[in-house]
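Asker: Have a peek at work_39.pdb (PDB, C-alpha atoms).
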```pdb
MODEL        1
ATOM      1  CA  MET A 913       0.000   0.000   0.000
ATOM      2  CA  ASP A 914       1.023   3.610  -0.550
ATOM      3  CA  ARG A 915       2.350   5.503   2.446
ATOM      4  CA  LEU A 916       0.976   8.923   3.336
ATOM      5  CA  SER A 917       2.830  11.298   5.666
ATOM      6  CA  ILE A 918       0.796  14.087   7.249
ATOM      7  CA  VAL A 919       3.000  16.969   8.433
ATOM      8  CA  VAL A 920       1.488  19.205  11.112
ATOM      9  CA  PRO A 921       3.419  22.236  12.458
ATOM     10  CA  CYS A 922       2.315  23.102  16.002
ATOM     11  CA  TYR A 923       2.830  26.163  18.161
ATOM     12  CA  ASN A 924       0.800  26.419  21.382
ATOM     13  CA  GLU A 925      -1.916  24.102  20.027
ATOM     14  CA  GLU A 926      -2.560  22.117  23.212
ATOM     15  CA  ALA A 927      -6.241  23.086  23.331
ATOM     16  CA  GLY A 928      -7.103  21.752  19.880
ATOM     17  CA  LEU A 929      -4.692  18.861  19.285
ATOM     18  CA  ALA A 930      -7.027  16.111  20.510
ATOM     19  CA  ARG A 931      -9.837  17.367  18.266
ATOM     20  CA  PHE A 932      -7.532  17.564  15.281
ATOM     21  CA  TYR A 933      -6.172  14.064  15.865
ATOM     22  CA  ASP A 934      -9.624  12.536  16.351
ATOM     23  CA  ALA A 935     -11.075  14.217  13.252
ATOM     24  CA  THR A 936      -8.099  13.395  11.026
ATOM     25  CA  SER A 937      -7.773   9.825  12.286
ATOM     26  CA  THR A 938     -11.427   9.192  11.487
ATOM     27  CA  VAL A 939     -10.904  10.363   7.910
ATOM     28  CA  CYS A 940      -7.634   8.449   7.525
ATOM     29  CA  ALA A 941      -9.355   5.207   8.589
ATOM     30  CA  GLY A 942     -11.123   5.252   5.228
ATOM     31  CA  LEU A 943      -7.991   5.888   3.162
ATOM     32  CA  ASP A 944      -6.391   3.117   1.160
ATOM     33  CA  ALA A 945      -2.934   4.055   2.424
ATOM     34  CA  VAL A 946      -0.612   3.546   5.378
ATOM     35  CA  VAL A 947      -0.678   6.823   7.298
ATOM     36  CA  GLU A 948       1.914   8.416   9.550
ATOM     37  CA  PHE A 949       1.471  11.664  11.472
ATOM     38  CA  ILE A 950       4.463  13.971  11.899
ATOM     39  CA  PHE A 951       3.760  16.682  14.467
ATOM     40  CA  VAL A 952       6.419  19.385  14.795
ATOM     41  CA  ASP A 953       6.429  21.266  18.089
ATOM     42  CA  ASP A 954       7.840  24.696  17.217
ATOM     43  CA  GLY A 955       8.993  25.674  20.711
ATOM     44  CA  SER A 956       5.515  25.785  22.228
ATOM     45  CA  ARG A 957       5.126  27.361  25.665
ATOM     46  CA  ASP A 958       2.046  25.406  26.692
ATOM     47  CA  GLY A 959       1.485  21.663  26.999
ATOM     48  CA  THR A 960       1.643  20.948  23.257
ATOM     49  CA  LEU A 961       4.678  18.668  23.499
ATOM     50  CA  ALA A 962       3.191  16.672  26.380
ATOM     51  CA  ALA A 963      -0.018  16.259  24.368
ATOM     52  CA  LEU A 964       1.975  15.031  21.371
ATOM     53  CA  LYS A 965       3.798  12.479  23.496
ATOM     54  CA  GLY A 966       0.444  11.284  24.775
ATOM     55  CA  LEU A 967      -0.830  10.834  21.210
ATOM     56  CA  ALA A 968       2.318   8.908  20.303
ATOM     57  CA  GLU A 969       1.716   6.516  23.207
ATOM     58  CA  ARG A 970      -1.829   5.902  21.997
ATOM     59  CA  ASP A 971      -1.047   5.574  18.309
ATOM     60  CA  GLY A 972       2.192   4.203  16.870
ATOM     61  CA  ARG A 973       1.575   6.111  13.642
ATOM     62  CA  VAL A 974       2.278   9.370  15.479
ATOM     63  CA  ARG A 975       5.805  10.800  15.402
ATOM     64  CA  TRP A 976       6.766  14.074  17.047
ATOM     65  CA  LEU A 977       9.662  16.458  16.610
ATOM     66  CA  ALA A 978      10.545  19.100  19.197
ATOM     67  CA  LEU A 979      12.540  22.061  17.901
ATOM     68  CA  SER A 980      15.039  23.678  20.269
ATOM     69  CA  ARG A 981      13.108  26.969  20.186
ATOM     70  CA  ASN A 982      10.436  28.773  18.185
ATOM     71  CA  PHE A 983      11.884  28.985  14.654
ATOM     72  CA  GLY A 984       8.576  29.886  12.998
ATOM     73  CA  LYS A 985       6.032  27.934  10.993
ATOM     74  CA  GLU A 986       8.165  27.891   7.840
ATOM     75  CA  ALA A 987      11.044  26.166   9.649
ATOM     76  CA  ALA A 988       8.680  23.714  11.364
ATOM     77  CA  LEU A 989       7.136  22.863   8.015
ATOM     78  CA  PHE A 990      10.572  22.240   6.516
ATOM     79  CA  ALA A 991      11.524  20.003   9.469
ATOM     80  CA  GLY A 992       8.377  17.927   8.994
ATOM     81  CA  LEU A 993       8.998  17.501   5.279
ATOM     82  CA  GLU A 994      12.571  16.373   5.956
ATOM     83  CA  HIS A 995      11.343  13.632   8.290
ATOM     84  CA  ALA A 996       8.397  12.509   6.148
ATOM     85  CA  ARG A 997       8.853   9.013   4.700
ATOM     86  CA  GLY A 998       5.654   8.625   2.709
ATOM     87  CA  ASP A 999       5.106   8.174  -1.014
ATOM     88  CA  TYR A1000       2.732  11.113  -0.630
ATOM     89  CA  VAL A1001       3.102  14.021   1.761
ATOM     90  CA  ALA A1002       0.289  16.211   3.101
ATOM     91  CA  VAL A1003       0.692  19.471   5.005
ATOM     92  CA  MET A1004      -2.007  20.605   7.441
ATOM     93  CA  ASP A1005      -2.549  23.097  10.251
ATOM     94  CA  ALA A1006      -3.525  21.778  13.673
ATOM     95  CA  ASP A1007      -6.353  24.279  14.204
ATOM     96  CA  LEU A1008      -8.848  22.407  11.934
ATOM     97  CA  GLN A1009      -9.049  25.354   9.539
ATOM     98  CA  ASP A1010      -7.783  22.806   7.024
ATOM     99  CA  PRO A1011     -10.759  20.389   6.776
ATOM    100  CA  PRO A1012      -9.517  16.779   7.186
ATOM    101  CA  GLY A1013     -12.507  15.650   5.146
ATOM    102  CA  LEU A1014     -10.766  16.853   1.986
ATOM    103  CA  LEU A1015      -7.892  14.355   2.354
ATOM    104  CA  PRO A1016      -9.563  11.529   0.343
ATOM    105  CA  GLN A1017     -10.298  13.954  -2.509
ATOM    106  CA  LEU A1018      -6.755  15.334  -2.493
ATOM    107  CA  LEU A1019      -5.263  11.835  -2.494
ATOM    108  CA  ASP A1020      -7.483  10.704  -5.375
ATOM    109  CA  ILE A1021      -6.449  13.732  -7.451
ATOM    110  CA  VAL A1022      -2.741  13.044  -7.042
ATOM    111  CA  ARG A1023      -3.117   9.295  -7.469
ATOM    112  CA  GLY A1024      -4.920   9.889 -10.742
ATOM    113  CA  GLY A1025      -1.604  10.729 -12.335
ATOM    114  CA  GLY A1026      -2.659  14.011 -13.888
ATOM    115  CA  TYR A1027      -1.330  16.141 -11.055
ATOM    116  CA  ASP A1028       1.666  16.169  -8.724
ATOM    117  CA  CYS A1029      -0.074  18.241  -6.074
ATOM    118  CA  ALA A1030      -3.602  18.906  -4.877
ATOM    119  CA  ALA A1031      -3.803  22.177  -2.959
ATOM    120  CA  VAL A1032      -6.586  23.976  -1.130
ATOM    121  CA  ARG A1033      -7.619  27.603  -1.524
ATOM    122  CA  ARG A1034     -10.391  29.363   0.343
ATOM    123  CA  VAL A1035     -12.916  31.287  -1.695
ATOM    124  CA  ASP A1036     -14.089  33.597   1.086
ATOM    125  CA  ARG A1037     -12.756  35.170   4.261
ATOM    126  CA  LYS A1038     -15.826  35.029   6.486
ATOM    127  CA  GLY A1039     -14.962  35.536  10.127
ATOM    128  CA  GLU A1040     -11.886  37.679   9.428
ATOM    129  CA  PRO A1041     -11.775  41.402  10.254
ATOM    130  CA  PRO A1042     -12.639  43.348   7.050
ATOM    131  CA  ILE A1043      -9.430  45.405   7.150
ATOM    132  CA  ARG A1044      -7.321  42.242   7.387
ATOM    133  CA  SER A1045      -9.162  40.661   4.461
ATOM    134  CA  TRP A1046      -8.684  43.808   2.371
ATOM    135  CA  PHE A1047      -4.939  43.896   3.003
ATOM    136  CA  ALA A1048      -4.667  40.178   2.204
ATOM    137  CA  ARG A1049      -6.350  40.663  -1.172
ATOM    138  CA  GLN A1050      -4.104  43.623  -1.958
ATOM    139  CA  PHE A1051      -1.028  41.559  -1.075
ATOM    140  CA  TYR A1052      -1.898  38.884  -3.624
ATOM    141  CA  LYS A1053      -2.542  41.520  -6.288
ATOM    142  CA  ILE A1054       0.756  43.276  -5.610
ATOM    143  CA  ILE A1055       2.965  40.201  -5.415
ATOM    144  CA  ASN A1056       1.504  38.703  -8.602
ATOM    145  CA  LYS A1057       2.210  41.928 -10.468
ATOM    146  CA  MET A1058       5.762  42.105  -9.128
ATOM    147  CA  SER A1059       6.771  38.450  -9.294
ATOM    148  CA  LYS A1060       6.999  35.886 -12.082
ATOM    149  CA  THR A1061       6.002  33.226  -9.545
ATOM    150  CA  GLU A1062       2.218  33.088  -9.270
ATOM    151  CA  ILE A1063       0.802  33.112  -5.744
ATOM    152  CA  VAL A1064      -2.843  32.023  -5.822
ATOM    153  CA  ASP A1065      -5.235  34.264  -3.903
ATOM    154  CA  GLY A1066      -6.606  32.442  -0.876
ATOM    155  CA  ALA A1067      -4.023  29.652  -1.109
ATOM    156  CA  ARG A1068      -3.388  27.772   2.104
ATOM    157  CA  ASP A1069      -0.429  25.607   3.022
ATOM    158  CA  TYR A1070      -2.893  22.691   3.090
ATOM    159  CA  ARG A1071      -1.924  20.406   0.216
ATOM    160  CA  LEU A1072      -1.046  16.832  -0.683
ATOM    161  CA  MET A1073       1.896  16.178  -3.008
ATOM    162  CA  THR A1074       3.963  13.413  -4.479
ATOM    163  CA  ARG A1075       7.296  12.367  -3.045
ATOM    164  CA  GLN A1076       8.986  13.906  -6.074
ATOM    165  CA  MET A1077       7.504  17.329  -5.408
ATOM    166  CA  ALA A1078       8.216  17.124  -1.674
ATOM    167  CA  ASP A1079      11.861  16.363  -2.437
ATOM    168  CA  ALA A1080      11.961  19.325  -4.830
ATOM    169  CA  VAL A1081      10.686  21.625  -2.072
ATOM    170  CA  LEU A1082      13.389  20.283   0.265
ATOM    171  CA  ARG A1083      16.043  21.162  -2.288
ATOM    172  CA  VAL A1084      15.111  24.835  -1.819
ATOM    173  CA  THR A1085      17.191  25.340   1.312
ATOM    174  CA  GLU A1086      17.066  29.118   1.634
ATOM    175  CA  TYR A1087      16.923  30.440   5.199
ATOM    176  CA  ASN A1088      14.259  33.074   4.482
ATOM    177  CA  ARG A1089      11.360  30.853   3.500
ATOM    178  CA  PHE A1090       7.978  31.703   2.015
ATOM    179  CA  SER A1091       6.351  28.328   1.419
ATOM    180  CA  LYS A1092       3.431  29.539  -0.694
ATOM    181  CA  GLY A1093       5.943  30.937  -3.146
ATOM    182  CA  ILE A1094       8.257  27.920  -2.938
ATOM    183  CA  PHE A1095       5.417  25.476  -3.676
ATOM    184  CA  SER A1096       4.650  27.486  -6.789
ATOM    185  CA  TRP A1097       8.267  28.120  -7.794
ATOM    186  CA  VAL A1098       9.258  24.427  -7.921
ATOM    187  CA  GLY A1099       6.613  23.951 -10.592
ATOM    188  CA  PHE A1100       4.841  20.586 -11.016
ATOM    189  CA  ARG A1101       1.181  20.243 -11.904
ATOM    190  CA  THR A1102      -1.170  21.517  -9.204
ATOM    191  CA  LYS A1103      -4.935  21.070  -8.959
ATOM    192  CA  TRP A1104      -6.692  23.641  -6.770
ATOM    193  CA  VAL A1105      -9.578  22.559  -4.570
ATOM    194  CA  GLU A1106     -11.842  25.342  -3.318
ATOM    195  CA  THR A1107     -13.293  25.504   0.175
ATOM    196  CA  VAL A1108     -14.979  28.065   2.410
ATOM    197  CA  ASN A1109     -13.195  29.673   5.329
ATOM    198  CA  VAL A1110     -13.348  27.631   8.537
ATOM    199  CA  GLU A1111     -13.013  29.077  12.026
ATOM    200  CA  ARG A1112     -10.352  27.759  14.395
ATOM    201  CA  ALA A1113     -11.529  24.823  16.496
ATOM    202  CA  ALA A1114      -9.765  26.107  19.615
ATOM    203  CA  GLY A1115      -7.245  28.677  20.769
ATOM    204  CA  GLU A1116      -6.286  31.917  19.090
ATOM    205  CA  SER A1117      -4.479  32.720  15.866
ATOM    206  CA  LYS A1118      -0.725  33.201  16.269
ATOM    207  CA  TRP A1119      -0.697  35.628  13.342
ATOM    208  CA  SER A1120      -1.187  39.234  14.401
ATOM    209  CA  PHE A1121      -1.637  41.956  11.782
ATOM    210  CA  PHE A1122       1.991  43.021  12.215
ATOM    211  CA  LYS A1123       3.289  39.448  11.807
ATOM    212  CA  LEU A1124       1.219  39.030   8.660
ATOM    213  CA  LEU A1125       2.585  42.312   7.322
ATOM    214  CA  VAL A1126       6.176  41.184   7.929
ATOM    215  CA  TYR A1127       5.368  37.810   6.353
ATOM    216  CA  ALA A1128       3.946  39.567   3.293
ATOM    217  CA  LEU A1129       7.079  41.704   2.955
ATOM    218  CA  ASP A1130       9.197  38.552   3.247
ATOM    219  CA  GLY A1131       7.186  37.014   0.430
ATOM    220  CA  ILE A1132       7.625  40.023  -1.840
ATOM    221  CA  THR A1133      11.378  40.306  -1.249
ATOM    222  CA  ALA A1134      11.822  36.529  -1.603
ATOM    223  CA  PHE A1135      10.211  36.272  -5.027
ATOM    224  CA  SER A1136      10.631  39.673  -6.641
ATOM    225  CA  THR A1137      13.341  42.252  -7.210
ATOM    226  CA  ALA A1138      10.753  44.764  -8.433
ATOM    227  CA  PRO A1139      11.046  46.941  -5.269
ATOM    228  CA  LEU A1140      14.702  47.550  -6.126
ATOM    229  CA  ALA A1141      13.698  48.620  -9.622
ATOM    230  CA  ILE A1142      11.017  50.898  -8.157
ATOM    231  CA  ALA A1143      13.625  52.531  -5.915
ATOM    232  CA  SER A1144      15.878  53.139  -8.921
ATOM    233  CA  VAL A1145      13.038  54.592 -10.996
ATOM    234  CA  LEU A1146      11.959  56.870  -8.152
ATOM    235  CA  GLY A1147      15.511  58.145  -7.811
ATOM    236  CA  LEU A1148      15.718  58.880 -11.546
ATOM    237  CA  VAL A1149      12.309  60.575 -11.652
ATOM    238  CA  PHE A1150      13.079  62.890  -8.754
ATOM    239  CA  CYS A1151      16.499  63.745 -10.175
ATOM    240  CA  LEU A1152      14.769  64.833 -13.381
ATOM    241  CA  ILE A1153      12.141  66.801 -11.452
ATOM    242  CA  ALA A1154      14.867  68.536  -9.439
ATOM    243  CA  PHE A1155      16.822  69.359 -12.622
ATOM    244  CA  PHE A1156      13.847  70.935 -14.377
ATOM    245  CA  ALA A1157      12.836  72.744 -11.180
ATOM    246  CA  ILE A1158      16.291  74.314 -10.950
ATOM    247  CA  ILE A1159      16.062  75.451 -14.596
ATOM    248  CA  PHE A1160      12.608  76.892 -13.940
ATOM    249  CA  VAL A1161      13.751  78.824 -10.863
ATOM    250  CA  ILE A1162      16.805  80.246 -12.684
ATOM    251  CA  VAL A1163      14.752  81.359 -15.700
ATOM    252  CA  ARG A1164      12.077  82.932 -13.519
ATOM    253  CA  GLN A1165      14.705  84.739 -11.463
ATOM    254  CA  LEU A1166      16.332  86.141 -14.608
ATOM    255  CA  LEU A1167      13.006  87.304 -16.067
ATOM    256  CA  TRP A1168      11.178  88.689 -13.048
ATOM    257  CA  GLY A1169      13.670  88.648 -10.171
ATOM    258  CA  GLY A1170      12.898  88.049  -6.508
ATOM    259  CA  SER A1171      11.364  84.640  -7.205
ATOM    260  CA  ALA A1172      14.005  82.463  -5.557
ATOM    261  CA  PHE A1173      12.694  83.027  -2.019
ATOM    262  CA  GLY A1174      10.299  81.039   0.134
ATOM    263  CA  TRP A1175      12.153  78.890   2.644
ATOM    264  CA  PRO A1176       9.009  77.075   3.974
ATOM    265  CA  SER A1177       8.327  75.520   0.567
ATOM    266  CA  LEU A1178      12.017  74.708   0.256
ATOM    267  CA  VAL A1179      11.998  72.902   3.612
ATOM    268  CA  CYS A1180       8.924  70.879   2.568
ATOM    269  CA  ILE A1181      10.613  69.847  -0.670
ATOM    270  CA  ILE A1182      13.790  68.828   1.173
ATOM    271  CA  LEU A1183      11.845  66.775   3.712
ATOM    272  CA  PHE A1184       9.842  65.108   0.951
ATOM    273  CA  LEU A1185      12.941  64.169  -1.030
ATOM    274  CA  ALA A1186      14.675  62.982   2.140
ATOM    275  CA  GLY A1187      11.685  60.720   2.826
ATOM    276  CA  ILE A1188      11.904  59.252  -0.669
ATOM    277  CA  GLN A1189      15.614  58.623  -0.170
ATOM    278  CA  LEU A1190      15.080  56.891   3.158
ATOM    279  CA  PHE A1191      12.297  54.806   1.619
ATOM    280  CA  CYS A1192      14.605  53.643  -1.170
ATOM    281  CA  VAL A1193      17.445  52.976   1.269
ATOM    282  CA  GLY A1194      15.001  50.924   3.350
ATOM    283  CA  ILE A1195      14.127  48.773   0.334
ATOM    284  CA  VAL A1196      17.792  48.142  -0.373
ATOM    285  CA  GLY A1197      18.295  47.410   3.333
ATOM    286  CA  GLN A1198      15.629  44.702   3.271
ATOM    287  CA  TYR A1199      17.386  42.861   0.473
ATOM    288  CA  LEU A1200      20.764  43.369   2.147
ATOM    289  CA  ALA A1201      19.404  41.939   5.397
ATOM    290  CA  LYS A1202      18.077  38.856   3.589
ATOM    291  CA  THR A1203      21.430  38.388   1.878
ATOM    292  CA  TYR A1204      23.212  38.760   5.234
ATOM    293  CA  LEU A1205      21.094  36.014   6.804
ATOM    294  CA  GLU A1206      21.582  33.703   3.830
ATOM    295  CA  VAL A1207      25.379  33.985   3.668
ATOM    296  CA  LYS A1208      25.716  33.194   7.377
ATOM    297  CA  GLY A1209      24.633  29.664   6.497
ATOM    298  CA  ARG A1210      22.720  28.989   9.707
ATOM    299  CA  PRO A1211      20.506  25.884   9.801
ATOM    300  CA  ILE A1212      16.810  26.430   9.163
ATOM    301  CA  TYR A1213      15.948  24.688  12.447
ATOM    302  CA  LEU A1214      17.562  22.764  15.292
ATOM    303  CA  LEU A1215      16.015  19.605  16.700
ATOM    304  CA  ARG A1216      15.984  19.164  20.484
ATOM    305  CA  ASP A1217      14.178  15.846  20.723
ATOM    306  CA  SER A1218      11.960  13.457  18.779
ATOM    307  CA  GLY A1219      10.007  10.286  19.381
ATOM    308  CA  GLY A1220       7.019   8.132  18.562
ATOM    309  CA  GLY A1221       6.404   6.092  15.469
ATOM    310  CA  ASP A1222       6.837   2.555  16.801
ATOM    311  CA  GLY A1223       4.780   1.245  13.902
ATOM    312  CA  HIS A1224       1.725  -0.149  15.704
ATOM    313  CA  GLU A1225      -1.690   1.401  15.328
ATOM    314  CA  GLY A1226      -3.091   2.302  18.709
ATOM    315  CA  LYS A1227      -6.605   3.187  19.744
ATOM    316  CA  ALA A1228      -7.922   6.440  18.306
TER     317      ALA A1228
ENDMDL
END
```
Step by step, read the file and then write its structure as structure tokens.
Answerer:
Amino acid sequence: MDRLSIVVPCYNEEAGLARFYDATSTVCAGLDAVVEFIFVDDGSRDGTLAALKGLAERDGRVRWLALSRNFGKEAALFAGLEHARGDYVAVMDADLQDPPGLLPQLLDIVRGGGYDCAAVRRVDRKGEPPIRSWFARQFYKIINKMSKTEIVDGARDYRLMTRQMADAVLRVTEYNRFSKGIFSWVGFRTKWVETVNVERAAGESKWSFFKLLVYALDGITAFSTAPLAIASVLGLVFCLIAFFAIIFVIVRQLLWGGSAFGWPSLVCIILFLAGIQLFCVGIVGQYLAKTYLEVKGRPIYLLRDSGGGDGHEGKA
């Protein structure tokens, strides 16, 4: 039988882990595949790791990885993919916003041979604050205009892929990771499955507006150099404006005289141009910072402990 690895990054998910395991196990019981669960504890501060160890004692299909600290979801996802042994690999969140009931459909799509990946995208954002939904939609519009790598609006990390595609993702070993972009960048044939937005089963979202903003900026800088081009164009445009403004002031002074005064307007112009300069320097700084982190060659994650996976199927 085919083997299916289900990778689940976890950060402070103690409250909802039992529900996720029960719901997913029920669905997996009907799959024609040998299933293994790979839970990655990303430095949780609650009882997530203890809960994972308890699941591993109940069910030999459960394996857990404990990272040495909180490296972020992207690193936890990478760690899970590295330890996945299945012929097919699925990625899910532990908050049940990724409906386990879609797993049979995703597996059938990939098994059919026409696609290497079956991925899930949500078609609405019910339950989200309107301002957050608006910014999310604008992000997808902006990044798709700036980048040659298409990022599908509403795409979730929830997907099921072949071993070949999972290995391709693992070959992308950059430190600054943006998985939605990486899944698209590696290519392969992807079938999108649409679903409605689902509320978290328990706990609170770990993604504040500021964290999402930083994540969006990481995505743009990871898959597009357009901001650097924008900075260059802005510099050229304002140099031309300044040149023609100087010519205008000189000509007006020669013709009418007394027209080169007005320090308040001059101060405003200087402050405006200084702001543009700092903005452009900031863009360059973002790319320089990413380069700095990459060349240091630090590992994406560090593993503190692992366990589970004795091979027997325990009681669900």
Asker: Would you work out the distance separating atom CA of A:Ala1002 from atom CA of A:Arg1210, expressed in Å to one decimal?
Answerer: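 Atom CA of A:Ala1002 sits 26.6 Å away from atom CA of A:Arg1210.
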Asker: With a distance cut-off of 6 Å and all atoms listed in the file, select the neighbouring residues of A:Ala945, excluding the residue or stretch itself and same-chain residues fewer than 2 positions from it, and output the selection as an MDAnalysis selection string.
Answerer: chainID A and resid 913:915 943
Asker: Filtering to C-alpha atoms, could you give me those residues as a PDB file, in the frame of the given file?
Answerer:
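again.pdb, freshly written:
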```
ATOM      1  CA  MET A 913       0.000   0.000   0.000  1.00  0.00           C
ATOM      2  CA  ASP A 914       1.023   3.610  -0.550  1.00  0.00           C
ATOM      3  CA  ARG A 915       2.350   5.503   2.446  1.00  0.00           C
ATOM      4  CA  LEU A 943      -7.991   5.888   3.162  1.00  0.00           C
TER       5      LEU A 943
END
```
Asker: Which value, in Å to one decimal, gives the distance between atom CA of A:Ser980 and atom CA of A:Gln1009?
Answerer: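 About the pair atom CA of A:Ser980 and atom CA of A:Gln1009: they are 26.4 Å apart.
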Asker: Would you compute the distance between atom CA of A:Trp1104 and atom CA of A:Ala1031? Give it in Å to one decimal.
Answerer: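 Distance reported for this atom pair: 5.0 Å.
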Asker: Let me make sure I understand: among A:Tyr933, A:Tyr1027, A:Trp976, A:Tyr1087, which one has the smallest atom-to-atom distance to A:Asp1007 if we use all atoms listed in the file?
Answerer: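 For A:Asp1007, the nearest of the candidates is A:Tyr933.
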Asker: Taking into account all atoms listed in the file, which residue in the set A:Ile1094, A:Ala978, A:Ala1080, A:Leu1215 is nearest to A:Glu1062?
Answerer: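 Nearest candidate to A:Glu1062 out of A:Ile1094, A:Ala978, A:Ala1080, A:Leu1215: A:Ile1094.
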Asker: Could you build a table of the residues in stretch 983-1092 of chain A lying no more than 12 Å from stretch 952-958 of chain A, giving for each the nearest pair of atoms and their separation in Å rounded to one decimal place, using all atoms listed in the file, ordered by chain and ascending residue number, as a tab-separated table?
Answerer:
```
residue	atom	partner	partner_atom	distance
A:Phe983	CA	A:Asp954	CA	6.4
A:Gly984	CA	A:Asp954	CA	6.7
A:Lys985	CA	A:Asp954	CA	7.2
A:Glu986	CA	A:Asp954	CA	9.9
A:Ala987	CA	A:Asp954	CA	8.3
A:Ala988	CA	A:Val952	CA	6.0
A:Leu989	CA	A:Val952	CA	7.7
A:Phe990	CA	A:Val952	CA	9.7
A:Ala991	CA	A:Val952	CA	7.4
A:Gly992	CA	A:Val952	CA	6.3
A:Leu993	CA	A:Val952	CA	10.0
A:Glu994	CA	A:Val952	CA	11.2
A:His995	CA	A:Val952	CA	10.0
A:Ala996	CA	A:Val952	CA	11.2
A:Val1003	CA	A:Val952	CA	11.3
A:Met1004	CA	A:Val952	CA	11.3
A:Asp1005	CA	A:Val952	CA	10.7
A:Ala1006	CA	A:Val952	CA	10.3
```
Asker: Taking all atoms listed in the file into account, which of A:Leu929, A:Cys922, A:Gly1025, A:Phe951 comes nearest A:Phe1100?
Answerer: A:Gly1025
Asker: I need the residue set behind the PyMOL selection byres ((chain A and resi 1066-1078) around 6) for this file; please write it as a ChimeraX atom specification.
Answerer: /A:999-1004,1028-1034,1064-1065,1079-1081
Asker: Counting all atoms listed in the file, which of A:Gly1013, A:Gly972, A:Gly959, A:Gly1220 gets nearest to A:Thr936?
Answerer: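 Between A:Gly1013, A:Gly972, A:Gly959, A:Gly1220, the residue approaching A:Thr936 most closely is A:Gly1013.
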Asker: Which one of A:Arg970, A:Leu1205, A:Glu948, A:Asn982 sits closest to A:Asn924 if you count all atoms listed in the file?
Answerer: A:Asn982
Asker: Assuming the chain letters and numbering stay as they are in my file, what does the PyMOL selection byres ((chain A and resi 965) around 9) actually select? List them as a VMD selection string.
Answerer: chain A and resid 960 to 964 966 to 970 974 to 976 1219 to 1220
Asker: Considering all atoms listed in the file, state which residue in the set A:Ile1021, A:Thr1085, A:Cys940, A:Ile1063 is at the smallest distance from A:Gly1099.
Answerer: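 Using all atoms listed in the file, A:Gly1099 sits closest to A:Ile1063.
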Asker: Kindly add all heavy atoms to the incomplete stretch 1022-1026 of chain A and provide the output as a PDB file, in the frame of the given file.
Answerer:
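This is the output file rebuild.pdb:
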```pdb
ATOM      1  N   VAL A1022      -4.161  13.289  -6.789  1.00  0.00           N
ATOM      2  CA  VAL A1022      -2.741  13.044  -7.042  1.00  0.00           C
ATOM      3  C   VAL A1022      -2.511  11.626  -7.559  1.00  0.00           C
ATOM      4  O   VAL A1022      -1.684  11.392  -8.451  1.00  0.00           O
ATOM      5  CB  VAL A1022      -1.918  13.293  -5.758  1.00  0.00           C
ATOM      6  CG1 VAL A1022      -0.448  12.976  -5.976  1.00  0.00           C
ATOM      7  CG2 VAL A1022      -2.070  14.745  -5.311  1.00  0.00           C
ATOM      8  N   ARG A1023      -3.258  10.679  -7.012  1.00  0.00           N
ATOM      9  CA  ARG A1023      -3.117   9.295  -7.469  1.00  0.00           C
ATOM     10  C   ARG A1023      -3.552   9.126  -8.920  1.00  0.00           C
ATOM     11  O   ARG A1023      -3.105   8.218  -9.612  1.00  0.00           O
ATOM     12  CB  ARG A1023      -3.945   8.379  -6.579  1.00  0.00           C
ATOM     13  CG  ARG A1023      -3.203   7.862  -5.355  1.00  0.00           C
ATOM     14  CD  ARG A1023      -4.113   6.991  -4.544  1.00  0.00           C
ATOM     15  NE  ARG A1023      -3.410   6.281  -3.496  1.00  0.00           N
ATOM     16  CZ  ARG A1023      -4.018   5.603  -2.528  1.00  0.00           C
ATOM     17  NH1 ARG A1023      -5.347   5.550  -2.492  1.00  0.00           N
ATOM     18  NH2 ARG A1023      -3.315   4.961  -1.606  1.00  0.00           N
ATOM     19  N   GLY A1024      -4.422  10.005  -9.372  1.00  0.00           N
ATOM     20  CA  GLY A1024      -4.920   9.889 -10.742  1.00  0.00           C
ATOM     21  C   GLY A1024      -3.848  10.039 -11.794  1.00  0.00           C
ATOM     22  O   GLY A1024      -4.045   9.651 -12.948  1.00  0.00           O
ATOM     23  N   GLY A1025      -2.719  10.617 -11.415  1.00  0.00           N
ATOM     24  CA  GLY A1025      -1.604  10.729 -12.335  1.00  0.00           C
ATOM     25  C   GLY A1025      -1.556  12.013 -13.133  1.00  0.00           C
ATOM     26  O   GLY A1025      -0.549  12.308 -13.776  1.00  0.00           O
ATOM     27  N   GLY A1026      -2.632  12.768 -13.111  1.00  0.00           N
ATOM     28  CA  GLY A1026      -2.659  14.011 -13.888  1.00  0.00           C
ATOM     29  C   GLY A1026      -2.019  15.184 -13.169  1.00  0.00           C
ATOM     30  O   GLY A1026      -1.692  16.194 -13.793  1.00  0.00           O
TER      31      GLY A1026
END
```
